[in-house]
Structure formats: structure tokens, C-alpha cells
>>> print(open('coords_24.txt').read())   # compact mmCIF, C-alpha atoms and all ligand atoms
# COMPACT_ATOMS: atom_id res chain seq x y z
CA MET A 549 17.87 -4.95 7.71
CA HIS A 550 15.29 -6.85 5.63
CA THR A 551 16.20 -7.11 1.92
CA LEU A 552 13.11 -5.04 0.98
CA GLN A 553 14.16 -2.36 3.48
CA LYS A 554 17.63 -2.34 1.93
CA GLN A 555 16.13 -2.06 -1.55
CA PHE A 556 13.98 0.95 -0.57
CA GLU A 557 16.24 2.49 2.07
CA ARG A 558 16.18 6.02 0.57
CA GLU A 559 12.39 6.02 0.17
CA ILE A 560 11.83 4.70 3.72
CA ASN A 561 14.10 7.43 5.12
CA GLU A 562 12.18 10.06 3.14
CA THR A 563 8.89 8.61 4.45
CA VAL A 564 10.12 8.93 8.05
CA GLU A 565 11.14 12.55 7.33
CA ALA A 566 7.72 13.37 5.85
CA CYS A 567 6.00 11.82 8.91
CA GLY A 568 8.15 13.93 11.22
CA ALA A 569 7.47 17.11 9.23
CA ALA A 570 3.70 16.46 9.24
CA ALA A 571 3.77 15.95 13.02
CA LEU A 572 5.94 19.04 13.60
CA ARG A 573 3.51 21.21 11.62
CA GLN A 574 0.56 19.61 13.48
CA TYR A 575 -0.93 18.43 10.19
CA VAL A 576 -1.46 15.21 12.15
CA THR A 577 -1.97 14.85 15.90
CA SER A 578 -2.35 11.88 18.25
CA GLN A 579 -2.35 8.81 15.97
CA GLY A 580 -4.05 10.57 13.05
CA GLY A 581 -3.01 10.71 9.40
CA ASN A 582 -1.34 8.19 7.12
CA LEU A 583 1.27 8.32 4.37
CA SER A 584 2.20 5.95 1.56
CA TRP A 585 4.61 5.69 -1.37
CA ARG A 586 4.29 3.30 -4.32
CA VAL A 587 7.88 2.23 -4.94
CA GLY A 588 7.09 -0.53 -7.45
CA PRO A 589 4.19 -2.20 -9.30
CA ASP A 590 3.42 -4.38 -6.25
CA ARG A 591 5.29 -2.52 -3.50
CA VAL A 592 3.82 0.23 -1.32
CA LEU A 593 5.53 1.77 1.70
CA ILE A 594 2.87 2.69 4.26
CA THR A 595 2.68 4.02 7.81
CA PRO A 596 1.58 1.74 10.66
CA THR A 597 -1.71 2.00 12.52
CA LYS A 598 -1.93 3.46 16.03
CA MET A 599 1.32 5.43 16.01
CA ASN A 600 2.03 9.12 16.36
CA LYS A 601 3.67 10.22 13.11
CA GLY A 602 6.33 12.11 15.06
CA LYS A 603 7.51 8.83 16.59
CA ILE A 604 7.78 6.80 13.39
CA ARG A 605 11.26 5.42 12.74
CA PHE A 606 12.84 3.44 9.89
CA ASP A 607 11.67 0.01 11.14
CA ASP A 608 8.07 1.20 11.64
CA VAL A 609 7.42 1.75 7.91
CA LEU A 610 5.63 -1.28 6.44
CA ILE A 611 5.79 -2.63 2.92
CA VAL A 612 2.56 -4.00 1.45
CA GLY A 613 1.56 -5.45 -1.91
CA ALA A 614 -1.11 -3.98 -4.21
CA ASP A 615 -3.66 -6.34 -2.59
CA SER A 616 -2.67 -5.13 0.93
CA ARG A 617 -0.83 -8.29 1.96
CA VAL A 618 2.06 -7.36 4.24
CA LEU A 619 5.46 -8.00 2.63
CA PHE A 620 7.48 -6.51 5.45
CA ALA A 621 6.52 -5.41 8.95
CA ALA A 622 8.61 -5.03 12.05
CA GLU A 623 7.29 -6.90 15.05
CA LYS A 624 3.71 -6.00 16.06
CA ARG A 625 3.22 -3.34 13.37
CA GLU A 626 0.12 -3.40 11.17
CA PRO A 627 -0.68 -1.07 8.25
CA THR A 628 -2.88 1.99 8.75
CA GLY A 629 -6.59 1.18 8.87
CA GLU A 630 -6.99 3.49 5.85
CA VAL A 631 -4.85 1.21 3.66
CA ARG A 632 -7.94 0.69 1.43
CA ILE A 633 -8.05 4.39 0.53
CA HIS A 634 -4.37 4.35 -0.44
CA LEU A 635 -4.42 1.11 -2.46
CA GLY A 636 -7.77 2.02 -4.05
CA ILE A 637 -6.29 5.30 -5.30
CA TYR A 638 -3.13 3.60 -6.62
CA ALA A 639 -5.27 1.03 -8.46
CA LYS A 640 -7.31 3.73 -10.22
CA ARG A 641 -4.46 6.20 -10.74
CA PRO A 642 -1.33 4.58 -12.21
CA ASP A 643 0.25 8.06 -12.44
CA ILE A 644 0.26 8.54 -8.65
CA VAL A 645 3.40 7.71 -6.67
CA SER A 646 2.66 9.02 -3.15
CA ILE A 647 -0.31 9.96 -0.95
CA ILE A 648 -0.72 11.87 2.33
CA HIS A 649 -3.89 11.91 4.40
CA ALA A 650 -3.78 14.47 7.22
CA HIS A 651 -5.93 16.83 9.29
CA PRO A 652 -4.22 20.23 8.83
CA THR A 653 -6.07 22.94 10.76
CA TRP A 654 -7.02 25.33 7.93
CA LEU A 655 -7.86 22.71 5.31
CA THR A 656 -9.93 20.84 7.90
CA ALA A 657 -11.72 24.09 8.80
CA PHE A 658 -12.88 24.29 5.17
CA ALA A 659 -13.86 20.60 5.32
CA LEU A 660 -16.08 21.58 8.27
CA SER A 661 -17.59 24.74 6.86
CA LYS A 662 -17.41 25.63 3.15
CA PRO A 663 -15.41 22.97 1.27
CA GLU A 664 -16.68 24.23 -2.11
CA LEU A 665 -14.63 27.42 -1.63
CA LEU A 666 -11.39 25.46 -2.23
CA GLN A 667 -12.69 24.43 -5.65
CA MET A 668 -12.26 28.06 -6.74
CA PRO A 669 -9.04 29.48 -8.23
CA TRP A 670 -7.54 31.76 -5.55
CA LEU A 671 -3.77 31.75 -6.08
CA PRO A 672 -1.69 30.92 -9.18
CA GLU A 673 0.73 28.35 -7.72
CA PRO A 674 -1.86 25.97 -6.20
CA VAL A 675 -3.90 26.26 -9.42
CA ILE A 676 -0.87 25.25 -11.52
CA GLU A 677 0.67 22.66 -9.19
CA VAL A 678 -2.42 20.92 -7.78
CA GLY A 679 -5.68 22.23 -9.26
CA PRO A 680 -8.99 22.51 -7.42
CA VAL A 681 -9.46 20.63 -4.15
CA ALA A 682 -12.41 18.30 -4.73
CA LEU A 683 -14.83 17.24 -1.98
CA THR A 684 -15.47 13.68 -0.84
CA GLU A 685 -18.60 13.13 1.23
CA TYR A 686 -18.46 11.93 4.82
CA ALA A 687 -18.21 8.26 5.70
CA GLN A 688 -17.00 6.54 8.83
CA PRO A 689 -13.20 6.28 9.07
CA LEU A 690 -11.59 2.88 8.41
CA THR A 691 -14.47 1.64 6.24
CA GLU A 692 -14.70 0.50 2.62
CA ASP A 693 -17.47 3.09 2.31
CA LEU A 694 -14.97 5.90 3.03
CA ALA A 695 -12.60 4.58 0.34
CA ARG A 696 -15.51 4.49 -2.14
CA LYS A 697 -16.34 8.18 -1.50
CA PHE A 698 -13.31 9.04 -3.67
CA ASP A 699 -14.75 7.29 -6.75
CA PRO A 700 -16.73 10.24 -8.20
CA VAL A 701 -13.72 12.61 -8.16
CA ILE A 702 -10.58 10.47 -8.22
CA MET A 703 -10.00 10.56 -12.00
CA ARG A 704 -9.98 14.36 -12.40
CA HIS A 705 -8.39 15.68 -9.19
CA ASN A 706 -5.16 15.40 -7.19
CA ALA A 707 -6.34 16.90 -3.89
CA PHE A 708 -9.42 16.32 -1.75
CA LEU A 709 -11.20 17.66 1.29
CA MET A 710 -12.94 14.89 3.20
CA ARG A 711 -16.09 16.41 4.66
CA ASN A 712 -15.93 16.73 8.48
CA HIS A 713 -12.61 14.91 8.48
CA GLY A 714 -9.47 16.23 6.75
CA ALA A 715 -7.53 16.26 3.49
CA VAL A 716 -5.83 13.92 1.00
CA VAL A 717 -3.11 14.96 -1.44
CA LEU A 718 -1.80 12.83 -4.32
CA CYS A 719 1.60 13.30 -5.92
CA ARG A 720 3.40 11.98 -9.00
CA GLU A 721 6.71 12.07 -7.13
CA GLY A 722 7.80 10.83 -3.70
CA LEU A 723 6.62 11.83 -0.23
CA SER A 724 8.92 14.79 0.17
CA ARG A 725 7.25 16.50 -2.83
CA CYS A 726 3.82 15.30 -1.68
CA PHE A 727 4.43 17.01 1.66
CA GLU A 728 5.38 20.25 -0.13
CA LEU A 729 2.05 20.18 -1.99
CA LEU A 730 0.13 19.58 1.25
CA GLU A 731 2.00 22.46 2.88
CA MET A 732 1.17 24.73 -0.07
CA LEU A 733 -2.53 23.83 0.09
CA GLU A 734 -2.63 24.37 3.85
CA THR A 735 -1.03 27.83 3.68
CA SER A 736 -3.31 28.75 0.75
CA ALA A 737 -6.35 27.66 2.77
CA LYS A 738 -5.10 29.82 5.63
CA SER A 739 -4.71 32.84 3.33
CA VAL A 740 -8.19 32.37 1.86
CA ALA A 741 -9.74 32.01 5.33
CA ILE A 742 -7.98 35.13 6.64
CA ALA A 743 -8.93 37.09 3.50
CA GLN A 744 -12.56 36.09 4.10
CA MET A 745 -12.26 37.35 7.70
CA ILE A 746 -10.73 40.64 6.53
CA GLY A 747 -13.62 41.34 4.24
CA GLY A 748 -13.78 38.78 1.46
CA ALA A 749 -11.36 37.06 -0.89
CA THR A 750 -11.52 37.69 -4.63
CA PRO A 751 -10.80 34.67 -6.87
CA LEU A 752 -8.67 34.80 -10.00
CA SER A 753 -10.62 35.94 -13.06
CA ARG A 754 -11.65 33.58 -15.87
CA GLU A 755 -8.99 35.23 -18.05
CA ALA A 756 -6.32 34.70 -15.39
CA VAL A 757 -7.18 30.98 -15.16
CA LYS A 758 -7.05 30.70 -18.95
CA GLY A 759 -3.62 32.35 -18.82
CA LEU A 760 -2.41 29.76 -16.30
CA ALA A 761 -3.84 26.96 -18.44
CA GLU A 762 -1.92 28.42 -21.39
CA THR A 763 1.30 28.42 -19.35
CA LEU A 764 0.80 24.74 -18.52
CA ARG A 765 0.23 23.92 -22.20
CA ALA A 766 3.35 25.86 -23.23
CA ARG A 767 5.40 23.93 -20.65
CA ASN A 768 3.80 20.66 -21.74
CA ALA A 769 3.11 20.18 -18.01
CA ARG A 770 0.85 17.49 -16.55
CA LEU A 771 -2.71 18.46 -15.72
CA PRO A 772 -4.53 17.30 -12.57
CA GLY A 773 -6.20 13.91 -12.78
CA ALA A 774 -5.32 10.69 -14.56
CA PRO A 775 -3.44 11.10 -17.86
CA GLY A 776 -5.79 12.32 -20.61
CA GLU A 777 -8.81 12.83 -18.30
CA VAL A 778 -8.61 16.61 -18.15
CA LYS A 779 -8.11 18.34 -21.49
CA ASP A 780 -7.77 21.89 -20.21
CA LEU A 781 -7.03 23.22 -16.72
CA ALA A 782 -9.69 25.91 -17.16
CA ASP A 783 -12.35 23.16 -17.52
CA LEU A 784 -11.85 22.25 -13.84
CA TYR A 785 -12.89 25.69 -12.53
ZN ZN A 801 -8.13 10.96 9.14
>>> encode(input="coords_24.txt", output="C-alpha cells")
Amino acid sequence: MHTLQKQFEREINETVEACGAAALRQYVTSQGGNLSWRVGPDRVLITPTKMNKGKIRFDDVLIVGADSRVLFAAEKREPTGEVRIHLGIYAKRPDIVSIIHAHPTWLTAFALSKPELLQMPWLPEPVIEVGPVALTEYAQPLTEDLARKFDPVIMRHNAFLMRNHGAVVLCREGLSRCFELLEMLETSAKSVAIAQMIGGATPLSREAVKGLAETLRARNARLPGAPGEVKDLADLY
């Protein structure tokens, strides 16, 4: 085992688990999706390009520096082509520890139809734990242009729908927690979509959102976005 692998053994194992869970839930199919975990100021664990996430094993997880130079890679592995999105987000958001980009069915359906709906407050837990899901406009995958589409919204949000593409979730803890947040957003999106099919979903009232914002203040909990960017949760809705 490489010394860097030894140093980050627990985090690499958790990354492999998150990859497997994402594949099992079909949040990623074929070679889609990518996951990363900032384990130090100049150390990012990241998934390799051109691999099914369900097949990723311990040695497949790469370690890159903040400038994307590869610090560890098993033979023939290269980082995901979306490494620029991940490193760009880490550079702008020092509070973020892990990132998942995936194509979960229900979130992606909103990215294809009415992404603005997921900027509304529907359910208390996603409002408290993630906040509104911001929209990033379409750009071709694997380009610098796609990474730049996050610029207008990156400082005030922790979750994103990528138009006609998929979703990105940011987390202040490791990948296991990041996966939980993605799972919560996906099931919420499913509930909202089904409610719309049944006859129309009703969002939380302004008063209800203010109540949730009050709860966060009382708990001294972190708000979405970079530290200090968002003063009040209710301002985001
Ligand atoms: Zn994608």
C-alpha cells in the first residue's frame, strides 16, 4: 500500500462504499458520476475516469493535489474528467469536505423539466439540512465552461441541479454523509414529483420557513453556502 493510501485508508474505504451505494441505487449508471473528498489542504481523494462506480475498489481511488496533479494513482487510472468542477468548488468553498456528482432519476427529471421547483421549500428536513437546490446552466461535460457554470451560485448553495444533466451535492463532512444528503434530495424530488402528479404539491408557508430558520439559529447550526454568506435561511427562499 502506498504511504498516502495508508494515511487515508479509512477515507478511501468510505469512498469505495459511497461509490457502491450510488451504483446500487442507480444514482449513477455506466461510467457516469464522480465523487471526491478533501482529506487535507492539498489532498483530494477522487474517483477515476471511465469506470463504473459499482466496480471501484480501494486501489482505484486516486489522490490529487489542489492543482489537480496526481499524487497517487494505481496503474492506468486517471482522475475523472470533471476534476475541474470538484477542485474549483473546493477552491471557492473552504468549508466543503466532500462532493458527489450523480444522475439520480428524480433529480435529473427536474433538471430536464422544471428545475426551479426544487428551489422552493417543500419538506422541513431538506430545507434544514441542505437548503434550496440551485440551478446551473447547461454546458458540455468535461469542459472548463461547465465548471464555470457553478460560479453564480456556488457561494450561497450546497446543492445544484445541472440543467439537462444531473445533480451535485456538497457536504461539510465525508462522503458517507454526502451520500445521505444526496439520497434525501432524491427521495424528496420523488415525493414532489408524485405530489404534482396526484394533483399538485403545496410548499411550506413563509411562516413555516421562518420557523425552520429560527430552529437553525437556536441550534447555532450552519447555514447553506460559504461561512457568513447567508445571514438567514429564509432569505434563500
Ligand atoms: Zn454527469
>>> residues_near_ligand(input="coords_24.txt", ligand="ligand ZN 801 (chain A)", cutoff="12 Å", atoms="only C-alpha atoms and all ligand atoms", output="VMD selection string")
chain A and resid 575 to 583 597 to 598 628 to 631 633 648 to 652 656 659 686 to 691 694 to 695 709 to 716
>>> write_last_selection(input="coords_24.txt", atoms="C-alpha atoms", output="CSV table (one decimal), in the frame of the given file")
chain,number,residue,atom,x,y,z
A,575,TYR,CA,-0.9,18.4,10.2
A,576,VAL,CA,-1.5,15.2,12.2
A,577,THR,CA,-2.0,14.8,15.9
A,578,SER,CA,-2.4,11.9,18.2
A,579,GLN,CA,-2.4,8.8,16.0
A,580,GLY,CA,-4.0,10.6,13.0
A,581,GLY,CA,-3.0,10.7,9.4
A,582,ASN,CA,-1.3,8.2,7.1
A,583,LEU,CA,1.3,8.3,4.4
A,597,THR,CA,-1.7,2.0,12.5
A,598,LYS,CA,-1.9,3.5,16.0
A,628,THR,CA,-2.9,2.0,8.8
A,629,GLY,CA,-6.6,1.2,8.9
A,630,GLU,CA,-7.0,3.5,5.8
A,631,VAL,CA,-4.8,1.2,3.7
A,633,ILE,CA,-8.0,4.4,0.5
A,648,ILE,CA,-0.7,11.9,2.3
A,649,HIS,CA,-3.9,11.9,4.4
A,650,ALA,CA,-3.8,14.5,7.2
A,651,HIS,CA,-5.9,16.8,9.3
A,652,PRO,CA,-4.2,20.2,8.8
A,656,THR,CA,-9.9,20.8,7.9
A,659,ALA,CA,-13.9,20.6,5.3
A,686,TYR,CA,-18.5,11.9,4.8
A,687,ALA,CA,-18.2,8.3,5.7
A,688,GLN,CA,-17.0,6.5,8.8
A,689,PRO,CA,-13.2,6.3,9.1
A,690,LEU,CA,-11.6,2.9,8.4
A,691,THR,CA,-14.5,1.6,6.2
A,694,LEU,CA,-15.0,5.9,3.0
A,695,ALA,CA,-12.6,4.6,0.3
A,709,LEU,CA,-11.2,17.7,1.3
A,710,MET,CA,-12.9,14.9,3.2
A,711,ARG,CA,-16.1,16.4,4.7
A,712,ASN,CA,-15.9,16.7,8.5
A,713,HIS,CA,-12.6,14.9,8.5
A,714,GLY,CA,-9.5,16.2,6.8
A,715,ALA,CA,-7.5,16.3,3.5
A,716,VAL,CA,-5.8,13.9,1.0
>>> closest_residue(input="coords_24.txt", among="A:Val701, A:Leu655, A:Leu733, A:Leu619", to="A:Pro674", atoms="only C-alpha atoms")
A:Leu733
>>> residues_around(input="coords_24.txt", residues="stretch 600-607 of chain A", least_positions_apart="5", cutoff="6 Å", atoms="all atoms listed in the file", output="number ranges by chain")
A: 564, 567-568, 571, 578-579, 622
>>> write_last_selection(input="coords_24.txt", atoms="C-alpha atoms", output="PDB file, in the frame of the given file")
ATOM      1  CA  VAL A 564      10.120   8.930   8.050  1.00  0.00           C
ATOM      2  CA  CYS A 567       6.000  11.820   8.910  1.00  0.00           C
ATOM      3  CA  GLY A 568       8.150  13.930  11.220  1.00  0.00           C
ATOM      4  CA  ALA A 571       3.770  15.950  13.020  1.00  0.00           C
ATOM      5  CA  SER A 578      -2.350  11.880  18.250  1.00  0.00           C
ATOM      6  CA  GLN A 579      -2.350   8.810  15.970  1.00  0.00           C
ATOM      7  CA  ALA A 622       8.610  -5.030  12.050  1.00  0.00           C
TER       8      ALA A 622
END
>>> atom_distance(input="coords_24.txt", atom1="atom CA of A:Lys779", atom2="atom CA of A:Val740")
27.2 Å
>>> atom_distance(input="coords_24.txt", atom1="atom CA of A:Arg725", atom2="atom CA of A:Ser584")
12.5 Å
>>> closest_residue(input="coords_24.txt", among="A:Glu626, A:Glu734, A:Leu781, A:Ile746", to="A:Arg573", atoms="only C-alpha atoms")
A:Glu734
>>> residues_around(input="coords_24.txt", residues="A:Thr750", least_positions_apart="2", cutoff="12 Å", atoms="all atoms listed in the file", output="PyMOL selection string")
chain A and resi 665+668-671+739-741+743-744+746-748+752-754
>>> residues_around(input="coords_24.txt", residues="A:Arg591", least_positions_apart="4", cutoff="6 Å", atoms="all atoms listed in the file", output="ChimeraX atom specification")
/A:586-587,612-613
>>> atom_distance(input="coords_24.txt", atom1="atom CA of A:Val678", atom2="atom CA of A:Gly636")
20.0 Å
>>> axis_aligned_box(input="coords_24.txt", around="stretch 586-600 of chain A", padding_each_side="5 Å", output="lines of an AutoDock Vina configuration file")
center_x = 3.0
center_y = 2.4
center_z = 3.5
size_x = 19.8
size_y = 23.5
size_z = 35.7
>>> closest_residue(input="coords_24.txt", among="A:Ala707, A:Leu610, A:Ala682, A:Thr653", to="A:Thr735", atoms="all atoms listed in the file")
A:Thr653
>>> closest_residue(input="coords_24.txt", among="A:Ala566, A:Lys738, A:Pro700, A:Ile676", to="A:Arg767", atoms="all atoms listed in the file")
A:Ile676
>>> closest_residue(input="coords_24.txt", among="A:Trp654, A:Val675, A:Asp699, A:Phe556", to="A:Ile742", atoms="only C-alpha atoms")
A:Trp654
>>> closest_residue(input="coords_24.txt", among="A:Asp780, A:Val609, A:Trp585, A:Glu731", to="A:Leu760", atoms="all atoms listed in the file")
A:Asp780
>>> residues_near_point(input="coords_24.txt", point="(10.9, 16.2, 3.8)", cutoff="7 Å", atoms="all atoms listed in the file", output="ChimeraX atom specification")
/A:562,565-566,569,724,727
>>> residues_around(input="coords_24.txt", residues="A:Pro772", least_positions_apart="5", cutoff="9 Å", atoms="all atoms listed in the file", output="PyMOL selection string")
chain A and resi 676-680+703-707+777-778+781+784
>>> write_last_selection(input="coords_24.txt", atoms="C-alpha atoms", output="CSV table (one decimal), in the frame of the given file")
chain,number,residue,atom,x,y,z
A,676,ILE,CA,-0.9,25.2,-11.5
A,677,GLU,CA,0.7,22.7,-9.2
A,678,VAL,CA,-2.4,20.9,-7.8
A,679,GLY,CA,-5.7,22.2,-9.3
A,680,PRO,CA,-9.0,22.5,-7.4
A,703,MET,CA,-10.0,10.6,-12.0
A,704,ARG,CA,-10.0,14.4,-12.4
A,705,HIS,CA,-8.4,15.7,-9.2
A,706,ASN,CA,-5.2,15.4,-7.2
A,707,ALA,CA,-6.3,16.9,-3.9
A,777,GLU,CA,-8.8,12.8,-18.3
A,778,VAL,CA,-8.6,16.6,-18.2
A,781,LEU,CA,-7.0,23.2,-16.7
A,784,LEU,CA,-11.8,22.2,-13.8
